[in-house]
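Dropping protein_1.cif in here (mmCIF, C-alpha atoms):
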data_target
#
loop_
_atom_site.group_PDB
_atom_site.id
_atom_site.type_symbol
_atom_site.label_atom_id
_atom_site.label_comp_id
_atom_site.auth_asym_id
_atom_site.auth_seq_id
_atom_site.Cartn_x
_atom_site.Cartn_y
_atom_site.Cartn_z
ATOM 1 C CA MET J 1 2.965 29.868 51.687
ATOM 2 C CA LYS J 2 5.509 30.380 48.944
ATOM 3 C CA THR J 3 5.697 26.588 48.351
ATOM 4 C CA LYS J 4 1.914 26.301 48.013
ATOM 5 C CA TYR J 5 1.906 29.171 45.529
ATOM 6 C CA LEU J 6 4.635 27.495 43.440
ATOM 7 C CA ILE J 7 2.832 24.123 43.487
ATOM 8 C CA ILE J 8 -0.491 25.688 42.464
ATOM 9 C CA SER J 9 1.188 27.800 39.740
ATOM 10 C CA GLY J 10 3.069 24.769 38.438
ATOM 11 C CA GLY J 11 -0.142 22.728 38.361
ATOM 12 C CA ILE J 12 -1.956 25.455 36.434
ATOM 13 C CA ILE J 13 0.896 25.665 33.916
ATOM 14 C CA ILE J 14 0.934 21.873 33.436
ATOM 15 C CA LEU J 15 -2.852 21.753 32.976
ATOM 16 C CA SER J 16 -2.623 24.610 30.468
ATOM 17 C CA LEU J 17 0.061 22.767 28.485
ATOM 18 C CA ILE J 18 -2.004 19.563 28.481
ATOM 19 C CA GLY J 19 -5.005 21.538 27.232
ATOM 20 C CA ILE J 20 -2.919 23.089 24.453
ATOM 21 C CA LEU J 21 -1.567 19.668 23.396
ATOM 22 C CA ILE J 22 -5.041 18.130 23.358
ATOM 23 C CA SER J 23 -6.371 21.045 21.354
ATOM 24 C CA ALA J 24 -3.482 20.837 18.870
ATOM 25 C CA ASN J 25 -4.006 17.094 18.483
ATOM 26 C CA ALA J 26 -7.736 17.597 17.854
ATOM 27 C CA ASN J 27 -6.922 20.159 15.163
ATOM 28 C CA ASN J 28 -4.406 17.785 13.554
ATOM 29 C CA THR J 29 -6.994 14.991 13.594
ATOM 30 C CA GLU J 30 -9.465 17.250 11.804
ATOM 31 C CA ILE J 31 -6.790 18.185 9.245
ATOM 32 C CA ILE J 32 -5.883 14.526 8.710
ATOM 33 C CA LYS J 33 -9.544 13.559 8.289
ATOM 34 C CA SER J 34 -10.100 16.305 5.732
ATOM 35 C CA GLU J 35 -6.922 15.244 3.897
ATOM 36 C CA GLU J 36 -8.115 11.612 3.913
ATOM 37 C CA ILE J 37 -11.494 12.652 2.530
ATOM 38 C CA GLU J 38 -9.783 14.771 -0.124
ATOM 39 C CA THR J 39 -7.382 11.934 -0.995
ATOM 40 C CA ASN J 40 -10.209 9.387 -1.223
ATOM 41 C CA SER J 41 -12.256 11.705 -3.426
ATOM 42 C CA GLN J 42 -9.205 12.313 -5.630
ATOM 43 C CA ILE J 43 -8.737 8.548 -5.938
ATOM 44 C CA SER J 44 -12.386 8.186 -6.874
ATOM 45 C CA GLU J 45 -12.162 10.956 -9.458
ATOM 46 C CA LYS J 46 -8.931 9.633 -11.009
ATOM 47 C CA ASN J 47 -9.979 6.022 -10.660
ATOM 48 C CA ASP J 48 -13.179 5.656 -12.632
ATOM 49 C CA THR J 49 -13.421 1.879 -12.573
ATOM 50 C CA SER J 50 -16.843 1.823 -14.188
ATOM 51 C CA ASN J 51 -15.363 1.107 -17.599
ATOM 52 C CA LYS J 52 -12.039 -0.455 -16.550
ATOM 53 C CA SER J 53 -11.294 -3.815 -15.030
ATOM 54 C CA ILE J 54 -8.251 -5.287 -13.335
ATOM 55 C CA ILE J 55 -9.049 -8.653 -14.915
ATOM 56 C CA GLY J 56 -6.254 -9.725 -17.218
ATOM 57 C CA THR J 57 -2.476 -10.022 -17.156
ATOM 58 C CA TRP J 58 -0.351 -7.031 -16.227
ATOM 59 C CA ILE J 59 3.426 -6.607 -16.602
ATOM 60 C CA LYS J 60 5.455 -4.286 -14.404
ATOM 61 C CA GLU J 61 6.955 -1.366 -16.250
ATOM 62 C CA SER J 62 8.443 0.398 -13.238
ATOM 63 C CA ALA J 63 8.248 0.691 -9.484
ATOM 64 C CA SER J 64 8.960 3.691 -7.298
ATOM 65 C CA GLN J 65 9.212 4.324 -3.610
ATOM 66 C CA GLU J 66 8.823 7.830 -2.208
ATOM 67 C CA ASP J 67 9.106 9.182 -5.774
ATOM 68 C CA HIS J 68 12.481 7.462 -6.342
ATOM 69 C CA ASP J 69 13.356 4.238 -8.120
ATOM 70 C CA TYR J 70 12.375 1.237 -6.038
ATOM 71 C CA PRO J 71 15.530 -0.571 -4.857
ATOM 72 C CA GLY J 72 16.200 -3.469 -7.214
ATOM 73 C CA ASP J 73 13.492 -2.405 -9.677
ATOM 74 C CA LYS J 74 15.664 -3.116 -12.709
ATOM 75 C CA ASP J 75 16.306 -6.676 -11.466
ATOM 76 C CA TRP J 76 12.652 -7.398 -10.704
ATOM 77 C CA GLU J 77 10.341 -9.183 -13.140
ATOM 78 C CA LEU J 78 6.664 -9.033 -12.154
ATOM 79 C CA THR J 79 3.566 -10.255 -13.957
ATOM 80 C CA VAL J 80 0.223 -10.137 -12.157
ATOM 81 C CA THR J 81 -2.864 -11.935 -13.436
ATOM 82 C CA PHE J 82 -6.378 -11.419 -12.099
ATOM 83 C CA ASP J 83 -8.971 -13.809 -13.493
ATOM 84 C CA ASP J 84 -12.741 -13.409 -13.529
ATOM 85 C CA ASN J 85 -13.151 -16.275 -11.017
ATOM 86 C CA GLY J 86 -11.521 -14.252 -8.226
ATOM 87 C CA ARG J 87 -8.068 -15.874 -8.449
ATOM 88 C CA PHE J 88 -4.764 -14.066 -8.829
ATOM 89 C CA THR J 89 -1.205 -15.039 -9.655
ATOM 90 C CA TRP J 90 1.647 -12.745 -8.647
ATOM 91 C CA ASP J 91 4.587 -14.071 -10.703
ATOM 92 C CA SER J 92 7.549 -12.286 -9.127
ATOM 93 C CA LYS J 93 11.213 -13.022 -9.754
ATOM 94 C CA ARG J 94 14.216 -11.008 -8.608
ATOM 95 C CA LYS J 95 17.787 -11.322 -9.672
ATOM 96 C CA GLY J 96 19.963 -12.339 -6.723
ATOM 97 C CA GLN J 97 23.441 -11.079 -5.926
ATOM 98 C CA VAL J 98 25.117 -13.900 -7.845
ATOM 99 C CA GLY J 99 22.871 -13.544 -10.902
ATOM 100 C CA ASN J 100 20.410 -16.290 -9.984
ATOM 101 C CA PHE J 101 16.672 -15.604 -9.869
ATOM 102 C CA ILE J 102 14.794 -15.701 -6.565
ATOM 103 C CA ASN J 103 11.141 -16.641 -6.883
ATOM 104 C CA ASN J 104 8.830 -14.460 -4.732
ATOM 105 C CA SER J 105 5.650 -15.594 -6.498
ATOM 106 C CA LEU J 106 2.248 -15.705 -4.815
ATOM 107 C CA SER J 107 -1.195 -16.988 -5.672
ATOM 108 C CA GLY J 108 -4.609 -17.063 -4.078
ATOM 109 C CA THR J 109 -7.951 -15.312 -4.244
ATOM 110 C CA TYR J 110 -8.752 -11.623 -4.442
ATOM 111 C CA THR J 111 -11.671 -9.287 -3.903
ATOM 112 C CA ILE J 112 -12.181 -5.627 -4.768
ATOM 113 C CA GLU J 113 -13.295 -3.297 -2.005
ATOM 114 C CA ASN J 114 -14.675 0.237 -2.427
ATOM 115 C CA GLY J 115 -13.690 0.195 -6.103
ATOM 116 C CA PHE J 116 -10.018 0.998 -5.423
ATOM 117 C CA MET J 117 -8.673 -1.630 -3.034
ATOM 118 C CA VAL J 118 -7.514 -5.190 -3.732
ATOM 119 C CA ASN J 119 -7.723 -7.673 -0.871
ATOM 120 C CA TYR J 120 -5.470 -10.679 -1.442
ATOM 121 C CA HIS J 121 -5.981 -13.981 0.386
ATOM 122 C CA PHE J 122 -2.721 -15.842 -0.164
ATOM 123 C CA ASP J 123 -2.329 -19.549 -0.705
ATOM 124 C CA LYS J 124 0.577 -20.809 1.389
ATOM 125 C CA PRO J 125 3.481 -18.439 0.498
ATOM 126 C CA SER J 126 7.034 -19.717 0.076
ATOM 127 C CA GLU J 127 9.747 -18.579 2.505
ATOM 128 C CA GLN J 128 11.155 -16.226 -0.169
ATOM 129 C CA ALA J 129 7.721 -14.697 -0.764
ATOM 130 C CA LEU J 130 7.111 -14.291 2.984
ATOM 131 C CA GLU J 131 10.236 -12.125 3.185
ATOM 132 C CA LYS J 132 8.892 -9.695 0.554
ATOM 133 C CA ILE J 133 5.167 -9.590 1.417
ATOM 134 C CA PRO J 134 5.446 -6.889 4.151
ATOM 135 C CA GLU J 135 7.371 -4.709 1.712
ATOM 136 C CA LEU J 136 4.702 -4.936 -0.992
ATOM 137 C CA PHE J 137 1.366 -5.235 0.829
ATOM 138 C CA ALA J 138 -0.384 -4.187 3.981
ATOM 139 C CA TYR J 139 -0.149 -7.644 5.541
ATOM 140 C CA TRP J 140 -2.035 -9.622 8.182
ATOM 141 C CA PRO J 141 0.019 -12.827 8.629
ATOM 142 C CA ASN J 142 -2.517 -14.591 10.841
ATOM 143 C CA LYS J 143 -5.103 -14.305 8.038
ATOM 144 C CA LYS J 144 -2.623 -14.732 5.147
ATOM 145 C CA MET J 145 -4.141 -11.554 3.761
ATOM 146 C CA GLY J 146 -2.549 -8.615 1.958
ATOM 147 C CA GLN J 147 -3.965 -5.388 0.635
ATOM 148 C CA GLN J 148 -3.079 -2.700 -1.898
ATOM 149 C CA THR J 149 -4.940 0.190 -3.437
ATOM 150 C CA PHE J 150 -5.072 0.604 -7.182
ATOM 151 C CA ARG J 151 -6.022 3.079 -9.818
ATOM 152 C CA PHE J 152 -5.912 3.494 -13.548
ATOM 153 C CA GLN J 153 -3.893 6.299 -15.045
ATOM 154 C CA ASN J 154 -4.282 6.573 -18.801
ATOM 155 C CA ASP J 155 -3.543 3.037 -20.020
ATOM 156 C CA LYS J 156 -1.543 2.103 -16.894
ATOM 157 C CA PHE J 157 -2.667 0.064 -13.922
ATOM 158 C CA ILE J 158 -1.060 1.365 -10.731
ATOM 159 C CA LEU J 159 -0.780 -0.814 -7.614
ATOM 160 C CA ILE J 160 -0.014 1.176 -4.470
ATOM 161 C CA TYR J 161 1.094 0.223 -0.974
ATOM 162 C CA ASP J 162 0.802 3.417 1.055
ATOM 163 C CA GLY J 163 2.665 2.048 4.097
ATOM 164 C CA GLN J 164 5.911 1.764 2.134
ATOM 165 C CA LYS J 165 5.030 4.581 -0.293
ATOM 166 C CA LEU J 166 5.393 2.036 -3.094
ATOM 167 C CA ARG J 167 3.858 2.456 -6.573
ATOM 168 C CA ILE J 168 4.025 -0.251 -9.213
ATOM 169 C CA SER J 169 3.129 0.898 -12.722
ATOM 170 C CA MET J 170 1.899 -1.903 -14.990
ATOM 171 C CA LYS J 171 0.680 -2.305 -18.543
ATOM 172 C CA LYS J 172 -1.801 -4.872 -19.787
ATOM 173 C CA THR J 173 -0.628 -7.639 -22.075
ATOM 174 C CA HIS J 174 -2.611 -8.321 -25.222
#

Would you put the structure from the file into structure tokens?
Amino acid sequence: MKTKYLIISGGIIILSLIGILISANANNTEIIKSEEIETNSQISEKNDTSNKSIIGTWIKESASQEDHDYPGDKDWELTVTFDDNGRFTWDSKRKGQVGNFINNSLSGTYTIENGFMVNYHFDKPSEQALEKIPELFAYWPNKKMGQQTFRFQNDKFILIYDGQKLRISMKKTH
């Protein structure tokens, strides 16, 4: 009798804990969804693309990761060009350990989604570029596709990869 009581009590406690965890997870999901909606609306408010275009050539001024300098930022030269025919060139060079430059450049086509997202469809990337792609883009290797969000802040063009908490601040060349 005592064993049955302990088994039933234990089962009730376990079911109660599972219910609490499910309830807590549902509340967190609601919080995350409201934060996502708030974040997306903030992006939309800050990112009025109606009078701004990504078309042109942009030079990296700085890069940060989690609000700190991006590792190797000072040794990284980046120029990104978006043309009006849907092609992009990502001219990326990094200084190596012995002072030589490593070419991580990319090219291909791009599309804009939802007014704040760039979808990149890469031409065949080099081995050096393949090493850096997952650090800079949300990346689907089987589709050779990368993705970043963007926004305009004053006269700056900001490319963002949320997965790595990476922000690249760029200025337009004239």

Emit as AutoDock Vina command-line options the padded axis-aligned box for all listed atoms of range 132-149 of chain J, 8 Å per side, with centre and edge lengths in Å to one decimal.
--center_x 1.9 --center_y -7.3 --center_z 3.7 --size_x 30.0 --size_y 30.9 --size_z 30.3

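Between CA of Lys124 in chain J and CA of Phe88 in chain J the interatomic distance comes to 13.4 Å.
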
Exercise for review: Decode the PyMOL selection byres ((chain J and resi 56) around 9) for the given file into explicit residues and return them as a VMD selection string.
Suggested key: chain J and resid 53 to 55 57 to 58 80 to 84 172 to 174

Can those selected residues be exported to a file as a compact mmCIF listing (two decimals), keeping the file's coordinate frame so that it contains C-alpha atoms?
# COMPACT_ATOMS: atom_id res chain seq x y z
CA SER J 53 -11.29 -3.82 -15.03
CA ILE J 54 -8.25 -5.29 -13.34
CA ILE J 55 -9.05 -8.65 -14.92
CA THR J 57 -2.48 -10.02 -17.16
CA TRP J 58 -0.35 -7.03 -16.23
CA VAL J 80 0.22 -10.14 -12.16
CA THR J 81 -2.86 -11.94 -13.44
CA PHE J 82 -6.38 -11.42 -12.10
CA ASP J 83 -8.97 -13.81 -13.49
CA ASP J 84 -12.74 -13.41 -13.53
CA LYS J 172 -1.80 -4.87 -19.79
CA THR J 173 -0.63 -7.64 -22.08
CA HIS J 174 -2.61 -8.32 -25.22

Exercise for review: Work out how far CA of Asn142 in chain J is from CA of Pro71 in chain J, in Å to one decimal.
Suggested key: 27.7 Å

**Study point:** Atom pair CA of Trp140 in chain J / CA of Asp91 in chain J: separation (Å)
**Key:** 20.5 Å

Exercise for review: Evaluate the PyMOL selection byres ((chain J and resi 159) around 9) on the structure here and hand back the selected residues as a PyMOL selection string.
Suggested key: chain J and resi 118+148-152+157-158+160-161+166-170

Check your understanding: Of the candidates J:Tyr139, J:Asn154, J:Gln164, J:Trp76, which shows the shortest atom-to-atom distance to Gly99 in chain J, using only C-alpha atoms?
Key -> J:Trp76

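Each of J:Lys144, J:Lys132, J:Lys74, J:His68 was compared to Asn119 in chain J using all atoms listed in the file, and J:Lys144 turns out to be the nearest.
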
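Ranking J:Leu130, J:Met117, J:Val98, J:Leu106 by their shortest atom-to-atom distance to Thr79 in chain J, with all atoms listed in the file included, puts J:Leu106 first.
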
Exercise for review: Would you kindly identify which residues have an atom no farther than 10 Å from (10.4, -10.2, -0.3), using all atoms listed in the file and the file's own coordinates, and write them out as a count of residues only?
Suggested key: 17
